[in-house]
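Okay, structure first, notes after.
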Amino acid sequence: GDPLEAELSGFSVPLEHSFELDVAKFQSRGSLLLKTGREPSVSLTQNQLSEDDRSKLKEVAAVDGLYRIRVPRVSLQADRQTEWQVDGYLIAFVRACAMVESHLSDVITLHTDVSGYLIGVSIVTLPGACRGAEVEDEVDLEVYNTTLSIMAPVNAPPETALFLERMEQESEKKGKNPQEQKSFFAKYWMYIVPLVLFLMMSGAQDQSGGGAGGGAANGGGR
Amino acid sequence: MAKLILLLLKLCILFFVVDAVFEDQVGKFDWRQQYVGKVRFSHFDTQLQSSKKVLVATESNVFAALNSRTGELFWRHVDKTGPEGNIDALLHHAQDAVLVVGNGRMLRSWDVNVGGLNWEMLLDTGSFQSACLVGQQGTVKHVAVLKKTVISVHYLSNGHQKWVENLPESETVDYQTVYSGGNGQVFVLGVVPHSHITIVVYSMEDGEIIKQVSVEAPWLSNIPASCAVVGQGTLMCVDSTTMSLNTLDLHQQLQMTQIPLQSLGLEVDPDFHPSLVSHQPNPAQKPLSEFFLQLGPERYLLLQLNNGQIVTLRDFKPALLSSFVTTGEKTVAAVMSPKNKTVSSYRIGLSTHSGINLFSSDTGRRLLDTTLIFTVDPNGGKPERLHVQAFLKKDDSVGYRVMVQTEDHTLTFIQQPGRVMWTREEALSDVVTMEMVDLPLTGTQAELEGEFGKKADGLLSMVLKRLSSQLIMLQAWIAHLWKLFYDARKPRSQVKNEVSIENLSRDEFNLQKMMVMVTSSGKLFGIDSKTGEILWKHYLDNVPKNAAFKLMVQRTTAHFPHPPQCTLLIKDKDTGLATLHVFNPIFGRKSQVTPPALPQPILQSLLLPLMDQDYAKVLLLVDNQYKVSAFPSTKNVLQQLQETASSIFFFLIDSSQGRLSGYRLRTDLSTEQVWEVVIPTEVQKIVSVKGKRPNEHVHSQGRHFLHNLIYLNPNLLAVVTESTDVHQERSFIGILLIDGVTGRIIHEAVQRKARGPVHVVHSENWVVYEYWSTKSRRNEFSVIELYEGMELYNSTVFSSLDRPHAPQVLQQSYIFPSSISTMEATLTEKGITSRHLLIGLPSGGILSLPKMFLDPRRPEIISEQSREENLIPYSPELIIRTEWFINYNQTVGRVRGIHTTPSGLESTCLVVAYGLDIYQTRVYPSKQFDVLKDDYDYMLISSVLFALFFATMISKRLAEVKLLNRAWR
């Protein structure tokens, strides 16, 4: 019923772009539909570039200008979505020439933090280089070929988990044949301990005797 | 049988032999200097005439004894940093020194002779006000500690509490001072601001209140600042509003007697708060009835209280500092006055000499033959305090030595008539930042270099130039020969190889450098890295208290004849206003180049690889209007900036708002924002941002993974965040790798159940960070490495703007058995040598941990491939091996930073660790593969060579003869 629908339905935020010769002026490029919930996802509907925009983009590309995009800072958490207000934008850019030469093939990634807040956006084009290749207006610069994804932070590995698993496996192996795994000392301690004791006792005697003998020998030598 | 055991023992010993520094290498390549910090209290040990100890307690929470003959440390005790270890008071009696530590938390007694702890007492809570020794019938047996609400008296012998009493009406009365005149009574003086003084007299025997009186004093608010007890127990206060002295006999009177200063014919300097200094030679006796009254910054008066009348004994004008000192039964007054009397200005930096004289304290008469000249260092600060050590000579006259403390935290110990016995640069206990600068070439080398460095201007002038440089070289050679000849005649012991600024020159392998150190007091130092000798110092006296410093090398020594140039950016943290100090790092002299005035607060500074025509790198400063100014800003520079503006990107970080933003330079030196990343501050806050070092080289990109190439992005930033939620289950640490040019988030990871402090090292393609794991309650290391993949996208040059594929990220974590203070990676000339991490531990050790152990590719299970790549199998613990300590037993107190610099030898990296102490050494991360050993057998190898050579000659000759003979046959 109702709650399921609410969870499935996302909300949309504008995706804006700007390519100007002087001061940045953001215009709508499309809208991002953000699906909230446990596994957030994102989809994009966007307009085509108009005739004017195409020529302006090529103009900007010719002087090594920038193509900028921005999205508003929003949270993907379900409880905050309704009351998002603009308290700033996340901005990213590519060189306008790269945008032109890649025939509007861009990869946009949205990054969130642990609580699902959007913290950054990045845009790259494929290919990324500006080689000065000729581009046909009508054919190449009409439709965006956008790859869109959303990225949440990765959990850094706790160091011991895998290692402990391996250790456990090994100890299991050992557990199967305990007879073999007994160490040398564990097996023969009853022989070794008396032997060592005996050695120490006799050694101590020997040393004291030897010391005295040595003293006597010295005395005799003089 | 005994032999067998002996053999066993020997085997045992053999197994535990480690290869660290050899005993004969100790101190050969390394040195350490120990400091104590800015002195707050000092006492001369006067038990014996021959005692050489000066006890000092400092603002760095250090208590130490210095040798007054040499300035070296006898012993030193370093307490906790911050308010917990703060030394509130130092009381010294006979062989006991009593310290009140941590706002009255601890009372400790130390044995002065050996520096051992006699006893330690935990005191009741309450903020500390004052402490004094209490004597009775000529002997001192107790110490009284006054806190906000209680007074306690302890035995000096064992610290046990004799009695403790709550102070009456402590809610309204602000008790400030405790005083005892040695007659079995303890006086506690408190004040109700703008109303009255409260005097409570306790009996020494049982802590009973003998008397409690209130005296009208509506003008008084701070007793220690404006009052002193003189004579037979008279409280003397100076009132700066009515310009009068107020006296009160603590034993009898209930009313203050006002004596206007005008009636004594005295006048106070405008805007000066006069103060009083009295002297109590022995806690078991009454204070002297003579005292100092300071009326102006350069005016002191020696006054005497005589039956309620104040008599002026002597007027010292001008006088900088004054002090009383007692030896035996004699008490004298020492007064420092500027010698150069024509300089009447307040700044005594202009006068180069100051004279110190002794005066009889009871008559004010100058004692004969007691003048001592103190030369004020033009590169130092002005004198701040005077510590006098007096002693009785054989003819019963008073001799003395002084320890002068100047504004720049320097201690200078002087003997009559002005011989400086030692100086201690205590500013070096708080080094903020440093750089190591190559030494210049010798004059002759430089001359040759200069010949090629200059632009060619005609054939004839070139020839002349060459001839002149040849002539100079000849001259230098002859001078050298002459010196050799001259020295040869002198006995060997007299020939000294002294290092001075004049004969500083680069050695063969560039192992000797100039360490330029910036201290928080604003004093700059140039230190020879080989010996640790201070070659120059320069005190900047206009540095704000909370300044942040950034030191940049704008021009190295490589551009003869242009002098090397360093620029220090000094920024007031509150206002953001900054100033530049431009200087020559070799000589410490201020440069002739005038730095631009910076009227706007500065947000960011960046040193570009662009150079002006004089080979100085361009420094860009971004102000809070996002306008950029360049230094130097010559026409040439501005033109270059215009040409390259579109490829100059920079970033700003506002950690209070969690905002990271990127900007691009425009041709008109304005900026435009190009990217923005905002980390919500409700969840996490940015604690550190680390870029890569600009002088870092990486030799090979394809070292690892057989075919996998490493991802090298010089613009990569490692941003570390900590969660605002500090609960141990929910706290985390975030690591973001952001490209500083495009703002692209390359990698984002969270370490759950972890908290700071986080220490980060970012170099090559890896980031290592250390944190506290709240889950397992231990310190852990984590390493992130970035790989490009199997083929390089664009192998010729890296550009952040053209690198569409994200790198592969590998990460692994390890357990480390100790907390750490600081961390840095070694750095070598070409980056061929393997890297080590240098870790400063709180114990004072500096650990050199091979980066090999922090490698995310360490396999769980050993395979053929991992063996081929020399990977160590994974184990979760990193072990501290004692032979990894590069500073053996030379512990570095409170290490705060480690600076690494490459030397001319690829194998060798120079390391300086600084904190309370400074330690310099060399490390060889891959052993000395490019250096012959010290004990290399030159004789053997050359004799073998010669033998082989002759053998070849002889056998050749023999073969010829044989051939000839065969031909004849």
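Chain labels follow the order of the structure tokens: the first chain is A, the next B, and so on; residue numbering restarts at 1 in every chain, and ligands are counted from 1 in their shown order.
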Restrict the distance test to only C-alpha atoms, flag each residue of chain A within 8 Å of chain B, and return the flagged residues as a PyMOL selection string. chain A and resi 64+68+89-95+111+113-115+117+119-129+152-160+162-163+166+199+202-204+206-207
With distances taken over only C-alpha atoms, which of B:Asn624, B:Ser633, B:Glu533, B:Gly296 is nearest to Pro596 in chain B? B:Ser633
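If you count only C-alpha atoms and ignore residues fewer than 6 places along the chain from Ala225 in chain B, what sits within 12 Å of it is Gln176, Thr177, Met236, Cys237, Val238, Asp239, Ser240, His273, Pro274, Ser275, Leu276, Val277 and Gln294 of chain B.
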Taking 4 positions as the minimum chain separation for residues in the same chain, which residues sit within 7 Å of Gln554 in chain B when counting only C-alpha atoms? Answer as a short mmCIF file (atom, residue, chain, number, x, y, z; two decimals) with all heavy atoms, in the first residue's frame.
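Saved result, out-v5.cif, follows:
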data_model
loop_
_atom_site.label_atom_id
_atom_site.label_comp_id
_atom_site.auth_asym_id
_atom_site.auth_seq_id
_atom_site.Cartn_x
_atom_site.Cartn_y
_atom_site.Cartn_z
N GLN B 565 66.43 32.81 -1.77
CA GLN B 565 65.40 33.65 -1.16
C GLN B 565 64.30 32.79 -0.55
O GLN B 565 63.78 31.89 -1.20
CB GLN B 565 64.82 34.57 -2.24
CG GLN B 565 63.81 35.56 -1.73
CD GLN B 565 63.31 36.45 -2.85
OE1 GLN B 565 64.07 36.87 -3.72
NE2 GLN B 565 62.03 36.72 -2.86
N CYS B 566 64.01 33.05 0.71
CA CYS B 566 62.91 32.37 1.38
C CYS B 566 61.86 33.41 1.75
O CYS B 566 62.20 34.55 2.03
CB CYS B 566 63.39 31.71 2.68
SG CYS B 566 64.01 30.05 2.45
N THR B 567 60.63 33.01 1.74
CA THR B 567 59.56 33.91 2.14
C THR B 567 58.75 33.26 3.24
O THR B 567 58.36 32.11 3.12
CB THR B 567 58.66 34.23 0.93
OG1 THR B 567 59.47 34.79 -0.08
CG2 THR B 567 57.57 35.20 1.30
N ALA B 616 63.13 33.57 -9.43
CA ALA B 616 62.36 33.43 -8.19
C ALA B 616 61.00 32.86 -8.55
O ALA B 616 60.35 33.33 -9.49
CB ALA B 616 62.20 34.78 -7.51
N LYS B 617 60.60 31.82 -7.83
CA LYS B 617 59.29 31.23 -8.09
C LYS B 617 58.20 32.23 -7.70
O LYS B 617 58.37 33.01 -6.79
CB LYS B 617 59.11 29.95 -7.29
CG LYS B 617 59.85 28.79 -7.89
CD LYS B 617 59.53 27.53 -7.11
CE LYS B 617 60.39 26.40 -7.58
NZ LYS B 617 60.46 25.34 -6.57
#
Those of range 365-602 of chain B in DSSP strand (DSSP E), formatted as JSON, numbers by chain: {"B": [372, 373, 374, 375, 383, 384, 385, 386, 387, 388, 389, 390, 391, 392, 398, 399, 400, 401, 402, 403, 404, 405, 406, 410, 411, 412, 413, 414, 415, 419, 420, 421, 422, 423, 424, 425, 431, 432, 433, 434, 435, 436, 437, 438, 513, 514, 515, 516, 517, 518, 519, 523, 524, 525, 526, 527, 528, 534, 535, 536, 537, 538, 539, 547, 548, 549, 550, 551, 552, 553, 554, 555, 565, 566, 567, 568, 569, 570, 571, 572, 578, 579, 580, 581, 582, 583, 602]}
Would you pick out the contacts of Tyr202 in chain B at 9 Å or less, using only C-alpha atoms, so that residues sharing its chain but fewer than 3 positions from it are not included, and give the list as a PyMOL selection string? chain B and resi 184-188+205-212
Test item: residues at most 12 Å from Phe19 in chain A, only C-alpha atoms, excluding those fewer than 6 positions along its chain, as an MDAnalysis selection string: (chainID A and resid 25:29 52:70 93:97 99:100) or (chainID B and resid 674)
Please provide as a ChimeraX atom specification all residues within 10 Å of Leu133 in chain B, with the sequence filter that same-chain residues fewer than 4 positions apart are discarded (counting only C-alpha atoms). /B:91-93,98,140-145,153-154,156,178-182,282-284
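Counting only C-alpha atoms, the residue from B:Gly104, B:Pro856, B:Gly691, B:Gly588 that sits nearest to Asn715 in chain B is B:Gly691.
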Using only C-alpha atoms, which of B:Lys627, B:His697, B:His480, B:Arg867 sits nearest Thr828 in chain B? B:His697
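CA of Ser656 in chain B lies 19.2 Å from CA of Val74 in chain A.
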